[in-house]
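Here is the file coords_24.cif (mmCIF, C-alpha atoms and all ligand atoms).
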```
data_coords
#
loop_
_atom_site.label_atom_id
_atom_site.label_comp_id
_atom_site.auth_asym_id
_atom_site.auth_seq_id
_atom_site.Cartn_x
_atom_site.Cartn_y
_atom_site.Cartn_z
CA MET D 5 -21.60 15.48 -5.22
CA HIS D 6 -19.44 12.53 -4.26
CA LEU D 7 -20.68 10.36 -7.10
CA THR D 8 -19.16 12.69 -9.68
CA ARG D 9 -15.69 12.46 -8.16
CA PRO D 10 -13.23 9.62 -8.81
CA VAL D 11 -13.16 7.36 -5.75
CA ALA D 12 -10.08 5.64 -4.34
CA LEU D 13 -10.33 2.82 -1.81
CA ILE D 14 -7.17 2.89 0.29
CA THR D 15 -6.32 0.12 2.74
CA GLY D 16 -4.01 1.19 5.54
CA GLY D 17 -5.36 4.64 4.75
CA ALA D 18 -5.28 5.95 8.33
CA SER D 19 -1.50 6.31 8.42
CA GLY D 20 1.77 6.81 6.59
CA ILE D 21 1.94 6.09 2.87
CA GLY D 22 -1.78 5.26 2.58
CA LEU D 23 -2.78 8.55 4.17
CA ALA D 24 -0.35 10.47 1.94
CA PHE D 25 -1.90 8.75 -1.08
CA ALA D 26 -5.34 9.87 0.13
CA ARG D 27 -4.10 13.46 0.38
CA ARG D 28 -2.68 13.27 -3.16
CA TRP D 29 -5.86 11.72 -4.55
CA ILE D 30 -7.98 14.46 -2.96
CA ALA D 31 -5.64 17.18 -4.28
CA ASP D 32 -6.44 15.92 -7.77
CA GLY D 33 -10.20 16.27 -7.17
CA GLY D 34 -11.01 12.78 -5.92
CA LEU D 35 -12.78 11.28 -2.93
CA ALA D 36 -10.71 8.99 -0.68
CA VAL D 37 -12.23 6.13 1.29
CA LEU D 38 -9.75 5.15 4.00
CA ALA D 39 -10.04 1.50 5.05
CA ASP D 40 -8.22 0.66 8.26
CA LEU D 41 -8.50 -1.20 11.56
CA ASP D 42 -9.23 1.41 14.18
CA PRO D 43 -12.25 3.77 14.05
CA ALA D 44 -10.58 6.43 16.25
CA ARG D 45 -7.48 6.56 14.04
CA LEU D 46 -9.69 6.70 10.96
CA ASP D 47 -11.62 9.66 12.42
CA GLU D 48 -8.36 11.42 13.20
CA ALA D 49 -7.08 10.85 9.66
CA VAL D 50 -10.30 12.06 8.06
CA ASP D 51 -10.28 15.16 10.31
CA GLY D 52 -6.85 16.03 8.92
CA LEU D 53 -8.03 15.90 5.30
CA GLU D 54 -10.08 18.35 3.31
CA PRO D 55 -13.71 18.36 4.55
CA LEU D 56 -16.20 16.16 2.66
CA ARG D 57 -13.50 14.64 0.50
CA SER D 58 -12.77 11.53 2.53
CA ARG D 59 -14.38 9.10 4.89
CA GLY D 60 -13.27 6.13 6.90
CA VAL D 61 -14.49 2.56 6.79
CA VAL D 62 -13.37 0.01 9.35
CA CYS D 63 -11.77 -2.90 7.55
CA ASP D 64 -9.42 -5.73 8.45
CA VAL D 65 -7.78 -7.03 5.28
CA THR D 66 -7.18 -10.42 6.92
CA ASN D 67 -10.94 -10.99 7.05
CA GLN D 68 -12.85 -11.53 3.79
CA GLU D 69 -16.22 -10.57 5.33
CA SER D 70 -14.73 -7.31 6.58
CA VAL D 71 -13.26 -6.57 3.13
CA ASP D 72 -16.52 -7.46 1.37
CA ALA D 73 -18.44 -5.22 3.78
CA ALA D 74 -16.08 -2.29 3.12
CA VAL D 75 -16.43 -2.66 -0.65
CA ALA D 76 -20.22 -3.05 -0.34
CA ASP D 77 -20.25 0.12 1.75
CA VAL D 78 -18.47 2.02 -1.04
CA ALA D 79 -20.75 0.47 -3.65
CA GLY D 80 -23.76 1.72 -1.70
CA ALA D 81 -22.49 5.17 -0.74
CA GLU D 82 -20.34 6.24 -3.70
CA GLY D 83 -21.34 3.69 -6.32
CA ARG D 84 -17.89 3.60 -7.92
CA ILE D 85 -14.26 2.71 -7.37
CA ASP D 86 -11.72 4.25 -9.72
CA ALA D 87 -8.58 3.20 -7.89
CA VAL D 88 -7.52 0.78 -5.17
CA PHE D 89 -4.35 1.36 -3.16
CA THR D 90 -3.43 -1.58 -0.89
CA SER D 91 -1.18 -0.03 1.74
CA ALA D 92 -2.24 -2.04 4.82
CA GLY D 93 0.86 -3.55 6.34
CA ILE D 94 3.00 -4.29 9.35
CA ALA D 95 6.65 -5.20 9.94
CA ARG D 96 7.65 -7.82 12.52
CA PRO D 97 11.37 -8.62 12.13
CA GLN D 98 12.29 -11.96 13.74
CA PRO D 99 15.18 -14.41 13.32
CA SER D 100 14.27 -17.05 10.72
CA ASP D 101 15.37 -20.00 12.86
CA ARG D 102 12.84 -19.06 15.53
CA ILE D 103 9.86 -17.68 13.63
CA THR D 104 6.66 -19.68 14.11
CA ASP D 105 4.35 -20.72 11.28
CA ASP D 106 1.69 -18.39 12.63
CA ALA D 107 4.03 -15.39 12.74
CA PHE D 108 5.30 -16.16 9.23
CA ALA D 109 1.79 -16.62 7.88
CA LEU D 110 0.52 -13.39 9.44
CA LEU D 111 2.61 -11.15 7.19
CA LEU D 112 1.63 -13.13 4.11
CA ASP D 113 -2.00 -12.87 5.17
CA ILE D 114 -1.90 -9.09 5.57
CA HIS D 115 0.32 -8.13 2.63
CA VAL D 116 -0.47 -10.75 -0.02
CA THR D 117 -3.80 -12.41 0.73
CA GLY D 118 -5.04 -9.10 2.14
CA ALA D 119 -4.23 -7.32 -1.13
CA MET D 120 -5.83 -10.20 -3.07
CA ARG D 121 -9.03 -10.03 -0.99
CA VAL D 122 -9.36 -6.30 -1.63
CA CYS D 123 -8.51 -6.48 -5.34
CA ARG D 124 -10.96 -9.36 -5.88
CA ALA D 125 -13.78 -7.66 -4.00
CA ALA D 126 -13.26 -4.32 -5.75
CA TYR D 127 -12.77 -5.77 -9.24
CA PRO D 128 -16.42 -5.59 -10.41
CA LEU D 129 -16.58 -1.88 -9.57
CA LEU D 130 -13.10 -1.21 -10.96
CA ARG D 131 -14.07 -2.92 -14.18
CA GLU D 132 -17.07 -0.61 -14.61
CA ARG D 133 -14.75 2.40 -14.30
CA ARG D 134 -11.78 0.88 -16.20
CA GLY D 135 -9.92 1.71 -13.02
CA ALA D 136 -6.50 0.89 -11.62
CA ILE D 137 -4.96 -0.99 -8.71
CA VAL D 138 -1.70 -0.04 -7.06
CA ASN D 139 -0.37 -2.63 -4.65
CA VAL D 140 2.33 -1.71 -2.17
CA ALA D 141 5.43 -3.88 -2.48
CA SER D 142 8.84 -2.80 -1.14
CA VAL D 143 12.53 -2.92 -1.93
CA ALA D 144 12.27 -5.96 0.36
CA ALA D 145 10.81 -7.75 -2.69
CA PHE D 146 14.25 -7.71 -4.33
CA ALA D 147 16.75 -8.08 -1.47
CA GLY D 148 17.66 -10.52 1.26
CA MET D 149 17.21 -8.84 4.62
CA PRO D 150 18.23 -10.50 7.89
CA GLY D 151 15.29 -11.24 10.17
CA ARG D 152 12.75 -10.39 7.50
CA ALA D 153 11.87 -13.75 5.93
CA SER D 154 8.12 -13.21 6.20
CA TYR D 155 8.26 -9.59 5.04
CA THR D 156 10.55 -10.20 2.04
CA ALA D 157 8.55 -13.29 1.00
CA ALA D 158 5.32 -11.31 1.26
CA LYS D 159 6.60 -8.33 -0.70
CA ALA D 160 8.08 -10.53 -3.45
CA ALA D 161 4.69 -12.23 -3.69
CA VAL D 162 2.96 -8.87 -4.09
CA GLY D 163 4.95 -8.44 -7.32
CA GLY D 164 3.77 -11.82 -8.62
CA LEU D 165 0.18 -11.14 -7.65
CA THR D 166 0.35 -7.77 -9.39
CA ARG D 167 1.69 -9.23 -12.64
CA THR D 168 -0.92 -11.99 -12.76
CA LEU D 169 -3.87 -9.71 -12.02
CA ALA D 170 -2.55 -7.34 -14.71
CA VAL D 171 -2.60 -10.14 -17.27
CA GLU D 172 -6.05 -11.40 -16.27
CA TRP D 173 -7.77 -8.05 -15.88
CA GLY D 174 -6.00 -5.97 -18.53
CA PRO D 175 -8.35 -7.23 -21.27
CA HIS D 176 -11.21 -5.83 -19.16
CA GLY D 177 -9.61 -2.40 -18.86
CA VAL D 178 -8.28 -2.71 -15.30
CA ARG D 179 -4.59 -1.90 -14.88
CA VAL D 180 -2.66 -3.43 -11.98
CA ASN D 181 0.73 -2.12 -10.87
CA ALA D 182 2.78 -2.00 -7.69
CA ILE D 183 4.95 0.58 -6.02
CA ALA D 184 8.11 -0.59 -4.25
CA PRO D 185 9.17 2.07 -1.74
CA GLY D 186 12.60 2.19 -0.24
CA TYR D 187 12.88 3.48 3.30
CA VAL D 188 10.26 6.06 4.18
CA ARG D 189 9.69 7.83 7.47
CA THR D 190 6.33 6.60 8.81
CA ALA D 191 4.99 5.12 12.04
CA LEU D 192 6.13 1.71 10.77
CA THR D 193 9.81 2.63 10.32
CA ASP D 194 9.89 5.05 13.29
CA ALA D 195 8.89 2.16 15.58
CA LEU D 196 11.61 -0.09 14.16
CA VAL D 197 14.29 2.61 14.51
CA ALA D 198 13.12 3.46 18.05
CA ASP D 199 13.49 -0.10 19.34
CA GLY D 200 16.78 -0.79 17.53
CA ARG D 201 15.43 -3.25 14.93
CA LEU D 202 16.30 -0.91 12.06
CA ASN D 203 19.68 0.77 11.80
CA ALA D 204 19.27 3.86 9.63
CA ALA D 205 22.98 4.71 9.16
CA PRO D 206 23.97 1.93 6.69
CA ILE D 207 20.76 2.44 4.72
CA LEU D 208 21.46 6.13 4.33
CA ASP D 209 25.07 5.36 3.35
CA ARG D 210 23.88 3.02 0.59
CA THR D 211 21.18 5.35 -0.74
CA PRO D 212 22.54 7.56 -3.54
CA LEU D 213 20.06 10.31 -2.66
CA GLY D 214 21.35 10.07 0.93
CA ARG D 215 18.07 10.22 2.80
CA PHE D 216 14.84 8.42 3.63
CA GLY D 217 11.89 9.20 1.38
CA SER D 218 8.73 10.93 2.49
CA PRO D 219 5.26 9.37 2.29
CA GLU D 220 4.36 12.19 -0.13
CA GLU D 221 7.11 11.14 -2.56
CA ILE D 222 5.78 7.57 -2.60
CA ALA D 223 2.21 8.85 -2.96
CA GLU D 224 3.22 10.94 -5.99
CA ALA D 225 4.71 7.93 -7.79
CA ALA D 226 1.75 5.75 -6.81
CA HIS D 227 -0.68 8.41 -7.98
CA PHE D 228 0.90 8.23 -11.43
CA LEU D 229 0.17 4.49 -11.49
CA ALA D 230 -3.38 4.96 -10.18
CA THR D 231 -4.49 7.48 -12.81
CA PRO D 232 -4.74 7.63 -16.61
CA ALA D 233 -1.35 9.40 -16.61
CA SER D 234 0.00 5.83 -16.77
CA SER D 235 -2.66 4.52 -19.17
CA PHE D 236 -0.27 2.11 -21.01
CA VAL D 237 1.51 0.83 -17.90
CA THR D 238 0.36 -2.42 -16.32
CA GLY D 239 1.97 -5.32 -14.49
CA HIS D 240 4.86 -3.07 -13.47
CA THR D 241 6.52 -2.63 -10.08
CA LEU D 242 7.84 0.92 -9.83
CA VAL D 243 10.79 1.30 -7.46
CA ALA D 244 10.88 4.59 -5.53
CA ASP D 245 13.87 4.18 -3.25
CA GLY D 246 16.33 7.04 -3.76
CA GLY D 247 18.52 4.62 -5.73
CA LEU D 248 19.02 2.16 -2.83
CA THR D 249 18.56 -0.98 -4.93
CA VAL D 250 20.84 0.13 -7.76
CA GLY D 251 23.42 0.88 -5.08
CA GLY D 252 27.00 0.66 -6.34
CA ASP D 253 28.66 1.51 -3.04
CA TRP D 254 30.42 -1.87 -3.13
CA TYR D 255 32.29 -1.08 -6.36
N1 LIG N 1 7.66 2.93 5.55
C1 LIG N 1 8.50 2.30 4.75
O1 LIG N 1 9.73 2.55 4.76
C2 LIG N 1 7.99 1.29 3.78
C3 LIG N 1 8.88 0.80 2.79
C4 LIG N 1 8.42 -0.13 1.87
C5 LIG N 1 7.12 -0.58 1.94
N2 LIG N 1 6.30 -0.11 2.91
C6 LIG N 1 4.93 -0.63 2.92
O2 LIG N 1 4.04 0.45 2.81
C7 LIG N 1 2.79 0.09 3.40
C8 LIG N 1 2.36 1.19 4.35
O3 LIG N 1 3.34 1.30 5.37
P1 LIG N 1 3.54 2.63 6.23
O4 LIG N 1 4.99 2.82 6.36
O5 LIG N 1 2.67 3.70 5.69
O6 LIG N 1 3.03 2.08 7.65
P2 LIG N 1 1.98 2.68 8.70
O7 LIG N 1 2.15 1.83 9.92
O8 LIG N 1 2.15 4.16 8.82
O9 LIG N 1 0.56 2.39 8.00
C9 LIG N 1 0.10 1.08 7.81
C10 LIG N 1 -1.41 1.07 8.06
O10 LIG N 1 -1.89 -0.26 7.78
C11 LIG N 1 -2.89 -0.55 8.73
N3 LIG N 1 -3.10 -1.99 8.85
C12 LIG N 1 -2.26 -2.91 9.39
N4 LIG N 1 -2.84 -4.12 9.37
C13 LIG N 1 -4.06 -3.96 8.78
C14 LIG N 1 -5.13 -4.85 8.49
N5 LIG N 1 -5.09 -6.15 8.81
N6 LIG N 1 -6.23 -4.35 7.87
C15 LIG N 1 -6.32 -3.04 7.55
N7 LIG N 1 -5.33 -2.14 7.83
C16 LIG N 1 -4.23 -2.61 8.44
C17 LIG N 1 -2.38 0.07 10.03
O11 LIG N 1 -3.42 0.22 10.98
C18 LIG N 1 -1.78 1.38 9.53
O12 LIG N 1 -2.72 2.43 9.58
C19 LIG N 1 3.02 -1.28 4.07
O13 LIG N 1 2.55 -2.29 3.22
C20 LIG N 1 4.53 -1.34 4.19
O14 LIG N 1 4.98 -2.67 4.23
C21 LIG N 1 6.67 0.82 3.81
#
```
Represent the structure of the file as structure tokens.
Amino acid sequence: MHLTRPVALITGGASGIGLAFARRWIADGGLAVLADLDPARLDEAVDGLEPLRSRGVVCDVTNQESVDAAVADVAGAEGRIDAVFTSAGIARPQPSDRITDDAFALLLDIHVTGAMRVCRAAYPLLRERRGAIVNVASVAAFAGMPGRASYTAAKAAVGGLTRTLAVEWGPHGVRVNAIAPGYVRTALTDALVADGRLNAAPILDRTPLGRFGSPEEIAEAAHFLATPASSFVTGHTLVADGGLTVGGDWY
């Protein structure tokens, strides 16, 4: 039964935006393979989704063998990948004058090289299906943000990676786009707000829609990019931020 359904491979799929994307993909008739670090959290995520329409695969995007094994697992079990959603990510705000090379490199490894590892490994299967990739960037790709040198550099690089893969793989029928969420309530942002490293008030003041987004709203926009609904869109980074980056509150 699974082989007849479109399959999405979703890194960071056990939580937040990745999990919301899985829910959206399943609602449209697809099968979601959630790729994430922790087997218990994967089981919990799968338990919360429609039965028989998702499964978890343990995968660390910083490790090529782990990524290759996850993709091989999907190749063996489902035999197809129609969409890849690279949502694995962390945030570690630190002052730029004190950040170590290792700490700086970690965010690039997860967000940029991690996305590259997954896209590269999944490409042969995506090509067979003329499938689509949606990488997860951020409004941090376009703004300077104090204490976020590694995160903003990584997210800006996700845009570059997306554009280049789109140019290389478009002739083979694979579209590559990115979604750039503004502030969204998930475990990632809740943790930052809770320990005082993210101050919600000025963000809400600057956001024309006056609120944080939901993971479901990001998943809806990403789903558009992941499906033939966006069949002539490639190399694009779609901003879904409640108007935060167009701002205008300074005028
Ligand atoms: N929440 C926001 O406001 C927001 C805004 C812009 C961009 N983003 C981006 O969206 C993506 C998802 O964030 P979220 O808010 O859903 O966070 P989240 O913490 O809810 O989910 C992130 C998931 O990624 C997984 N992960 C982390 N490192 C991994 C690794 N090495 N290999 C595999 N999985 C790994 C985590 O285990 C977790 O399940 C991230 O790339 C984040 O930078 C989030």
Closest of D:Pro97, D:Gly239, D:Pro128, D:Pro219 to Thr190 (chain D) - atom-to-atom distances counting all atoms listed in the file: D:Pro219
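As for atom P2 of ligand LIG 1 (chain N) and CA of Gly83 (chain D), they are spaced 27.8 Å apart.
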List all protein, DNA and RNA residues that have any atom at most 6 Å from ligand LIG 1 (chain N), counting all atoms listed in the file, and write the list as a compact mmCIF listing (two decimals) with C-alpha atoms, in the coordinates of the input.
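Dumped to out32.txt:
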```txt
# COMPACT_ATOMS: atom_id res chain seq x y z
CA THR D 15 -6.32 0.12 2.74
CA GLY D 16 -4.01 1.19 5.54
CA GLY D 17 -5.36 4.64 4.75
CA ALA D 18 -5.28 5.95 8.33
CA SER D 19 -1.50 6.31 8.42
CA GLY D 20 1.77 6.81 6.59
CA ILE D 21 1.94 6.09 2.87
CA GLY D 22 -1.78 5.26 2.58
CA ASP D 40 -8.22 0.66 8.26
CA LEU D 41 -8.50 -1.20 11.56
CA CYS D 63 -11.77 -2.90 7.55
CA ASP D 64 -9.42 -5.73 8.45
CA VAL D 65 -7.78 -7.03 5.28
CA THR D 66 -7.18 -10.42 6.92
CA SER D 91 -1.18 -0.03 1.74
CA ALA D 92 -2.24 -2.04 4.82
CA GLY D 93 0.86 -3.55 6.34
CA ILE D 94 3.00 -4.29 9.35
CA ILE D 114 -1.90 -9.09 5.57
CA VAL D 140 2.33 -1.71 -2.17
CA ALA D 141 5.43 -3.88 -2.48
CA SER D 142 8.84 -2.80 -1.14
CA PRO D 185 9.17 2.07 -1.74
CA GLY D 186 12.60 2.19 -0.24
CA TYR D 187 12.88 3.48 3.30
CA VAL D 188 10.26 6.06 4.18
CA ARG D 189 9.69 7.83 7.47
CA THR D 190 6.33 6.60 8.81
CA ALA D 191 4.99 5.12 12.04
CA LEU D 192 6.13 1.71 10.77
CA THR D 193 9.81 2.63 10.32
```
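Across the model, the gap from CA of Phe216 (chain D) to CA of Gln98 (chain D) is 22.9 Å.
Residue nearest Leu129 (chain D), chosen from D:Ala144, D:Asp86, D:Ala158, D:Pro43 and counting all atoms listed in the file: D:Asp86.
With all atoms listed in the file as the atoms that count, the residue of D:Leu213, D:Ile207, D:Cys123, D:Ile222 with the shortest distance to Trp173 (chain D) is D:Cys123.
Between CA of Ala244 (chain D) and CA of Leu169 (chain D) the separation is 21.5 Å.
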List as number ranges by chain the residues having at least one atom at most 12 Å from position (8.7, -14.2, -1.2) as given in the file, counting all atoms listed in the file. D: 108-109, 111-112, 115-116, 141-149, 152-165
Go ahead and write the residues just picked, C-alpha atoms, as a PDB file, in the coordinates of the input.
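Output contents, as saved in part-v1.pdb:
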```pdb
ATOM      1  CA  PHE D 108       5.300 -16.160   9.230  1.00  0.00           C
ATOM      2  CA  ALA D 109       1.790 -16.620   7.880  1.00  0.00           C
ATOM      3  CA  LEU D 111       2.610 -11.150   7.190  1.00  0.00           C
ATOM      4  CA  LEU D 112       1.630 -13.130   4.110  1.00  0.00           C
ATOM      5  CA  HIS D 115       0.320  -8.130   2.630  1.00  0.00           C
ATOM      6  CA  VAL D 116      -0.470 -10.750  -0.020  1.00  0.00           C
ATOM      7  CA  ALA D 141       5.430  -3.880  -2.480  1.00  0.00           C
ATOM      8  CA  SER D 142       8.840  -2.800  -1.140  1.00  0.00           C
ATOM      9  CA  VAL D 143      12.530  -2.920  -1.930  1.00  0.00           C
ATOM     10  CA  ALA D 144      12.270  -5.960   0.360  1.00  0.00           C
ATOM     11  CA  ALA D 145      10.810  -7.750  -2.690  1.00  0.00           C
ATOM     12  CA  PHE D 146      14.250  -7.710  -4.330  1.00  0.00           C
ATOM     13  CA  ALA D 147      16.750  -8.080  -1.470  1.00  0.00           C
ATOM     14  CA  GLY D 148      17.660 -10.520   1.260  1.00  0.00           C
ATOM     15  CA  MET D 149      17.210  -8.840   4.620  1.00  0.00           C
ATOM     16  CA  ARG D 152      12.750 -10.390   7.500  1.00  0.00           C
ATOM     17  CA  ALA D 153      11.870 -13.750   5.930  1.00  0.00           C
ATOM     18  CA  SER D 154       8.120 -13.210   6.200  1.00  0.00           C
ATOM     19  CA  TYR D 155       8.260  -9.590   5.040  1.00  0.00           C
ATOM     20  CA  THR D 156      10.550 -10.200   2.040  1.00  0.00           C
ATOM     21  CA  ALA D 157       8.550 -13.290   1.000  1.00  0.00           C
ATOM     22  CA  ALA D 158       5.320 -11.310   1.260  1.00  0.00           C
ATOM     23  CA  LYS D 159       6.600  -8.330  -0.700  1.00  0.00           C
ATOM     24  CA  ALA D 160       8.080 -10.530  -3.450  1.00  0.00           C
ATOM     25  CA  ALA D 161       4.690 -12.230  -3.690  1.00  0.00           C
ATOM     26  CA  VAL D 162       2.960  -8.870  -4.090  1.00  0.00           C
ATOM     27  CA  GLY D 163       4.950  -8.440  -7.320  1.00  0.00           C
ATOM     28  CA  GLY D 164       3.770 -11.820  -8.620  1.00  0.00           C
ATOM     29  CA  LEU D 165       0.180 -11.140  -7.650  1.00  0.00           C
TER      30      LEU D 165
END
```
Contact check, region 147-185 of chain D to region 223-233 of chain D, at most 9 Å, counting all atoms listed in the file, closest pairs as a tab-separated table:
```
residue	atom	partner	partner_atom	distance
D:Arg179	CA	D:Ala230	CA	8.4
D:Val180	CA	D:Leu229	CA	8.4
D:Asn181	CA	D:Leu229	CA	6.7
D:Ala182	CA	D:Ala226	CA	7.9
D:Ile183	CA	D:Ala226	CA	6.1
```
Proximity to Ala95 (chain D) - best of D:Leu130, D:Ala205, D:Ala195, D:Leu248, all atoms listed in the file: D:Ala195
Quick one: residues within 12 Å of region 46-62 of chain D, only C-alpha atoms counted, chain neighbours fewer than 2 positions away excluded, as a count of residues only? 54
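In this comparison, which uses all atoms listed in the file, the residue of D:Arg102, D:Arg45, D:Gly118, D:Arg134 approaching Ala87 (chain D) most closely is D:Arg134.
Neighbouring residues of Asp209 (chain D) at 12 Å or closer, counting all atoms listed in the file and skipping chain neighbours under 6 positions away, are Asn203, Arg215, Phe216, Gly246, Gly247, Leu248, Gly251, Gly252, Asp253 and Trp254 of chain D.
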Would you output that residue set with C-alpha atoms, as a tab-separated table (two decimals), in the coordinates of the input?
```
chain	number	residue	atom	x	y	z
D	203	ASN	CA	19.68	0.77	11.80
D	215	ARG	CA	18.07	10.22	2.80
D	216	PHE	CA	14.84	8.42	3.63
D	246	GLY	CA	16.33	7.04	-3.76
D	247	GLY	CA	18.52	4.62	-5.73
D	248	LEU	CA	19.02	2.16	-2.83
D	251	GLY	CA	23.42	0.88	-5.08
D	252	GLY	CA	27.00	0.66	-6.34
D	253	ASP	CA	28.66	1.51	-3.04
D	254	TRP	CA	30.42	-1.87	-3.13
```
